[in-house]
$ cat start00.cif   # mmCIF, C-alpha atoms
data_work
#
loop_
_atom_site.label_atom_id
_atom_site.label_comp_id
_atom_site.auth_asym_id
_atom_site.auth_seq_id
_atom_site.Cartn_x
_atom_site.Cartn_y
_atom_site.Cartn_z
CA MET A 1 217.70 -61.79 -49.18
CA ASP A 2 214.75 -60.32 -51.04
CA PRO A 3 213.28 -62.96 -53.41
CA GLU A 4 212.27 -60.30 -55.96
CA TRP A 5 215.82 -58.95 -56.06
CA GLN A 6 217.18 -62.48 -56.49
CA LYS A 7 214.79 -63.03 -59.40
CA THR A 8 216.00 -59.78 -61.03
CA PHE A 9 219.61 -60.82 -60.48
CA ARG A 10 219.02 -64.27 -62.02
CA GLU A 11 217.40 -62.64 -65.06
CA ARG A 12 220.34 -60.22 -65.44
CA MET A 13 222.84 -63.10 -65.27
CA HIS A 14 220.83 -65.17 -67.77
CA ARG A 15 220.75 -62.22 -70.22
CA PHE A 16 224.52 -61.88 -69.85
CA GLU A 17 225.07 -65.61 -70.41
CA ALA A 18 222.82 -65.55 -73.48
CA GLY A 19 224.79 -62.72 -75.09
CA ALA A 20 228.38 -63.35 -74.03
CA ARG A 21 230.76 -65.94 -75.38
CA ALA A 22 231.80 -68.55 -72.85
CA ARG A 23 234.32 -71.33 -73.12
CA PRO A 24 233.66 -74.78 -71.67
CA GLY A 25 234.16 -74.66 -67.91
CA ASP A 26 233.61 -70.90 -67.64
CA VAL A 27 231.31 -69.66 -64.88
CA ALA A 28 229.33 -66.42 -65.16
CA ILE A 29 229.85 -64.17 -62.15
CA SER A 30 228.96 -60.69 -60.97
CA ILE A 31 231.55 -58.42 -59.38
CA LYS A 32 229.80 -55.57 -57.60
CA VAL A 33 231.29 -52.45 -56.04
CA ARG A 34 228.48 -51.46 -53.67
CA VAL A 35 228.36 -48.39 -51.49
CA VAL A 36 227.62 -49.24 -47.85
CA SER A 37 225.22 -46.32 -47.47
CA GLY A 38 223.93 -43.74 -49.89
CA CYS A 39 224.55 -43.77 -53.64
CA PHE A 40 227.40 -44.50 -56.01
CA HIS A 41 226.04 -43.75 -59.46
CA ARG A 42 226.72 -41.32 -62.25
CA GLU A 43 224.51 -38.51 -60.92
CA HIS A 44 226.19 -38.32 -57.50
CA SER A 45 229.65 -39.52 -58.53
CA PRO A 46 230.42 -37.77 -61.83
CA GLN A 47 234.15 -37.54 -61.11
CA ALA A 48 234.41 -41.27 -60.42
CA TYR A 49 232.36 -42.18 -63.50
CA ALA A 50 234.58 -40.04 -65.72
CA VAL A 51 237.48 -42.29 -64.69
CA ILE A 52 235.39 -45.46 -65.00
CA ASP A 53 234.18 -44.48 -68.48
CA SER A 54 237.78 -43.86 -69.52
CA GLN A 55 238.76 -47.34 -68.32
CA LEU A 56 235.79 -48.96 -70.07
CA ALA A 57 236.68 -47.21 -73.33
CA ARG A 58 240.12 -48.89 -73.26
CA LEU A 59 238.65 -52.39 -73.21
CA PRO A 60 238.31 -54.25 -76.50
CA HIS A 61 234.75 -54.34 -77.81
CA ASP A 62 234.81 -58.14 -77.76
CA SER A 63 235.98 -58.37 -74.13
CA GLY A 64 232.85 -60.30 -73.15
CA LEU A 65 232.43 -58.00 -70.17
CA GLY A 66 229.04 -56.71 -69.11
CA PHE A 67 228.86 -53.40 -67.24
CA GLU A 68 225.72 -52.48 -65.30
CA GLU A 69 225.12 -49.17 -63.56
CA HIS A 70 223.07 -49.26 -60.38
CA GLU A 71 222.25 -46.60 -57.81
CA SER A 72 224.30 -48.55 -55.26
CA GLY A 73 227.35 -48.87 -57.53
CA PRO A 74 228.68 -50.47 -60.71
CA GLU A 75 228.52 -54.18 -61.46
CA LEU A 76 230.73 -56.16 -63.81
CA LEU A 77 229.37 -59.33 -65.40
CA VAL A 78 232.21 -61.58 -66.47
CA TYR A 79 233.20 -65.16 -67.07
CA LEU A 80 235.53 -66.85 -64.66
CA ALA A 81 237.72 -69.56 -66.16
CA VAL A 82 237.51 -72.62 -63.92
CA ALA A 83 239.95 -75.47 -64.46
CA THR A 84 241.51 -78.22 -62.40
CA ALA A 85 244.53 -75.98 -61.86
CA GLY A 86 242.34 -73.30 -60.28
CA ILE A 87 240.38 -70.23 -61.23
CA THR A 88 241.46 -67.47 -63.55
CA LEU A 89 240.04 -63.99 -63.75
CA ALA A 90 241.28 -61.93 -66.68
CA LYS A 91 243.87 -59.29 -65.78
CA SER A 92 241.74 -56.67 -67.54
CA VAL A 93 238.86 -57.45 -65.15
CA ILE A 94 241.07 -57.17 -62.07
CA ASP A 95 242.48 -53.91 -63.45
CA LEU A 96 238.95 -52.59 -64.02
CA VAL A 97 237.81 -53.53 -60.50
CA THR A 98 240.87 -51.77 -59.08
CA ALA A 99 240.19 -48.74 -61.30
CA VAL A 100 236.56 -48.52 -60.09
CA ILE A 101 237.65 -48.61 -56.44
CA LYS A 102 240.35 -46.00 -57.06
CA ALA A 103 237.93 -43.89 -59.10
CA ARG A 104 235.54 -43.84 -56.15
CA ALA A 105 238.34 -42.53 -53.88
CA GLU A 106 239.46 -39.94 -56.45
CA GLY A 107 235.89 -38.85 -57.04
CA VAL A 108 235.31 -38.27 -53.33
CA LYS A 109 238.52 -36.21 -53.15
CA LYS A 110 237.17 -34.08 -56.03
CA GLY A 111 233.76 -33.57 -54.45
CA ASP A 112 231.62 -36.64 -55.27
CA LYS A 113 229.05 -37.35 -52.57
CA PRO A 114 228.49 -39.37 -50.45
CA ALA A 115 231.85 -40.59 -49.15
CA ASP A 116 230.75 -43.82 -47.48
CA PRO A 117 232.91 -46.95 -47.87
CA VAL A 118 232.26 -49.47 -50.62
CA GLU A 119 232.16 -53.25 -50.48
CA LEU A 120 233.50 -55.52 -53.16
CA ILE A 121 231.07 -58.41 -53.62
CA VAL A 122 231.11 -61.46 -55.90
CA ARG A 123 227.89 -63.27 -56.82
CA ARG A 124 226.62 -66.01 -59.03
CA VAL A 125 223.65 -68.15 -59.84
CA GLU A 126 224.27 -71.87 -59.58
CA LYS A 127 222.87 -74.49 -61.91
CA GLY A 128 219.93 -75.10 -59.59
CA GLN A 129 219.14 -71.36 -59.67
CA ASP A 130 220.50 -70.89 -56.14
CA PHE A 131 222.01 -67.49 -55.41
CA ARG A 132 225.50 -67.25 -53.91
CA GLU A 133 227.33 -64.20 -52.61
CA GLU A 134 230.70 -63.52 -50.97
CA ILE A 135 231.69 -60.14 -49.57
CA VAL A 136 235.35 -59.73 -50.51
CA PHE A 137 236.16 -56.64 -48.43
CA ARG A 138 235.08 -53.16 -47.38
CA ILE A 139 237.23 -50.16 -48.25
CA GLY A 140 236.96 -46.46 -47.47
CA HIS A 141 237.94 -43.67 -49.84
CA LYS A 142 241.04 -42.92 -47.73
CA ASP A 143 242.23 -46.54 -47.67
CA PRO A 144 244.90 -47.61 -50.16
CA ALA A 145 243.59 -49.66 -53.11
CA ASP A 146 246.51 -51.95 -53.92
CA ALA A 147 245.96 -53.97 -57.11
CA LYS A 148 247.89 -56.99 -55.78
CA VAL A 149 245.85 -57.10 -52.58
CA ILE A 150 242.59 -56.68 -54.49
CA LYS A 151 243.58 -59.50 -56.87
CA LYS A 152 244.50 -61.83 -54.00
CA GLN A 153 241.33 -61.18 -52.00
CA LEU A 154 239.12 -61.29 -55.08
CA ASN A 155 240.57 -64.63 -56.19
CA GLU A 156 240.14 -66.08 -52.68
CA ALA A 157 236.48 -65.05 -52.59
CA LEU A 158 235.89 -66.40 -56.11
CA ARG A 159 237.50 -69.70 -55.13
CA LYS A 160 235.06 -69.96 -52.20
CA LEU A 161 232.15 -69.07 -54.44
CA VAL A 162 233.04 -71.76 -56.99
CA GLU A 163 234.07 -74.38 -54.42
CA LYS A 164 230.68 -74.14 -52.74
CA ASP A 165 229.06 -75.09 -56.04
CA SER A 166 231.54 -77.91 -56.65
CA ALA A 167 231.06 -79.23 -53.12
CA THR A 168 227.31 -79.16 -53.60
CA GLU A 169 227.53 -81.12 -56.84
CA GLY A 170 230.03 -83.58 -55.40
CA ALA A 171 227.86 -84.32 -52.39
CA GLY A 172 224.79 -84.68 -54.55
CA LYS A 173 222.97 -82.18 -52.35
CA LYS A 174 221.30 -78.93 -53.17
CA ARG A 175 222.40 -76.12 -50.87
CA ASN A 176 221.01 -72.62 -50.70
CA ARG A 177 222.82 -69.97 -48.70
CA LYS A 178 221.22 -66.56 -48.84
#
$ encode --input "start00.cif" --output "structure tokens"
Amino acid sequence: MDPEWQKTFRERMHRFEAGARARPGDVAISIKVRVVSGCFHREHSPQAYAVIDSQLARLPHDSGLGFEEHESGPELLVYLAVATAGITLAKSVIDLVTAVIKARAEGVKKGDKPADPVELIVRRVEKGQDFREEIVFRIGHKDPADAKVIKKQLNEALRKLVEKDSATEGAGKKRNRK
């Protein structure tokens, strides 16, 4: 993984953490919908972004959600509630992720280019500044985007992402997987 990109990512996450309200035990994460090849941004995907903008407008202004537009696709910066009972991602975040994936498919049907599949990726920066990433799944614009399946797979990937950090702390070792 490109060290310069990792530095930029760390800075973006630190800016989010500095501005958003977190509760004790919350972990800042990035949820990225990244196109496999080509672009997935406003200029080339206006139909998709019309739907995404509509979804974003429905969120409360104090949602604590960060939304970043990139040439490769949108990124959500959110807090994940981590407790002994497990992890909790707000329903509104899962709904927004599902809406972005569905918006991509709808946009392609209405003429957005390119039509390459997207990957759902979760990322975070650990306390020691190590970068972690899990690819949740890859989905094409013709594949069904089921909210229950997305929620299940997203939560499984987030659990792995958080457990890696917990395992590292518990073992007293510093691990860095790029």
$ resolve_selection --input "start00.cif" --expression "the PyMOL selection byres ((chain A and resi 108-116) around 6)" --output "MDAnalysis selection string"
chainID A and resid 44:45 105:107 117
$ resolve_selection --input "start00.cif" --expression "the PyMOL selection byres ((chain A and resi 80) around 9)" --output "PyMOL selection string"
chain A and resi 25-29+78-79+81-82+87-90+158
$ write_last_selection --input "start00.cif" --atoms "C-alpha atoms" --output "short mmCIF file (atom, residue, chain, number, x, y, z; two decimals), in the coordinates of the input"
data_model
loop_
_atom_site.label_atom_id
_atom_site.label_comp_id
_atom_site.auth_asym_id
_atom_site.auth_seq_id
_atom_site.Cartn_x
_atom_site.Cartn_y
_atom_site.Cartn_z
CA GLY A 25 234.16 -74.66 -67.91
CA ASP A 26 233.61 -70.90 -67.64
CA VAL A 27 231.31 -69.66 -64.88
CA ALA A 28 229.33 -66.42 -65.16
CA ILE A 29 229.85 -64.17 -62.15
CA VAL A 78 232.21 -61.58 -66.47
CA TYR A 79 233.20 -65.16 -67.07
CA ALA A 81 237.72 -69.56 -66.16
CA VAL A 82 237.51 -72.62 -63.92
CA ILE A 87 240.38 -70.23 -61.23
CA THR A 88 241.46 -67.47 -63.55
CA LEU A 89 240.04 -63.99 -63.75
CA ALA A 90 241.28 -61.93 -66.68
CA LEU A 158 235.89 -66.40 -56.11
#
$ resolve_selection --input "start00.cif" --expression "the PyMOL selection byres ((chain A and resi 139) around 6)" --output "list of chain:residue names"
A:Pro117, A:Val118, A:Arg138, A:Gly140
$ residues_around --input "start00.cif" --residues "His41 in chain A" --least-positions-apart "5" --cutoff "12 Å" --atoms "all atoms listed in the file" --output "list in words"
Val33, Arg34, Val35, Pro46, Gln47, Ala48, Tyr49, Ala50, Ile52, Glu68, Glu69, His70, Glu71, Ser72, Gly73, Pro74, Glu75, Val100, Ala103, Arg104, Gly107, Asp112, Lys113 and Pro114 of chain A
$ atom_distance --input "start00.cif" --atom1 "CA of Asp130 in chain A" --atom2 "CA of Lys151 in chain A"
25.7 Å
$ closest_residue --input "start00.cif" --among "A:Ile31, A:Ile101, A:Val125, A:Glu133" --to "Ala145 in chain A" --atoms "all atoms listed in the file"
A:Ile101
$ atom_distance --input "start00.cif" --atom1 "CA of Ala57 in chain A" --atom2 "CA of Lys152 in chain A"
25.5 Å
$ closest_residue --input "start00.cif" --among "A:Glu43, A:Leu154, A:Glu163, A:Arg132" --to "Met1 in chain A" --atoms "all atoms listed in the file"
A:Arg132
$ atom_distance --input "start00.cif" --atom1 "CA of Thr98 in chain A" --atom2 "CA of Thr8 in chain A"
26.2 Å
$ closest_residue --input "start00.cif" --among "A:Pro144, A:Gly86, A:Gly19, A:Pro24" --to "Gly64 in chain A" --atoms "only C-alpha atoms"
A:Gly19
$ residues_around --input "start00.cif" --residues "Trp5 in chain A" --least-positions-apart "5" --cutoff "12 Å" --atoms "all atoms listed in the file" --output "JSON, numbers by chain"
{"A": [10, 11, 12, 131, 178]}
$ write_last_selection --input "start00.cif" --atoms "C-alpha atoms" --output "PDB file, in the frame of the given file"
ATOM      1  CA  ARG A  10     219.020 -64.270 -62.020  1.00  0.00           C
ATOM      2  CA  GLU A  11     217.400 -62.640 -65.060  1.00  0.00           C
ATOM      3  CA  ARG A  12     220.340 -60.220 -65.440  1.00  0.00           C
ATOM      4  CA  PHE A 131     222.010 -67.490 -55.410  1.00  0.00           C
ATOM      5  CA  LYS A 178     221.220 -66.560 -48.840  1.00  0.00           C
TER       6      LYS A 178
END
$ closest_residue --input "start00.cif" --among "A:Cys39, A:Met13, A:Ala157, A:Ala147" --to "Phe67 in chain A" --atoms "only C-alpha atoms"
A:Met13
$ closest_residue --input "start00.cif" --among "A:Arg42, A:Arg159, A:Lys91, A:Lys102" --to "His141 in chain A" --atoms "only C-alpha atoms"
A:Lys102
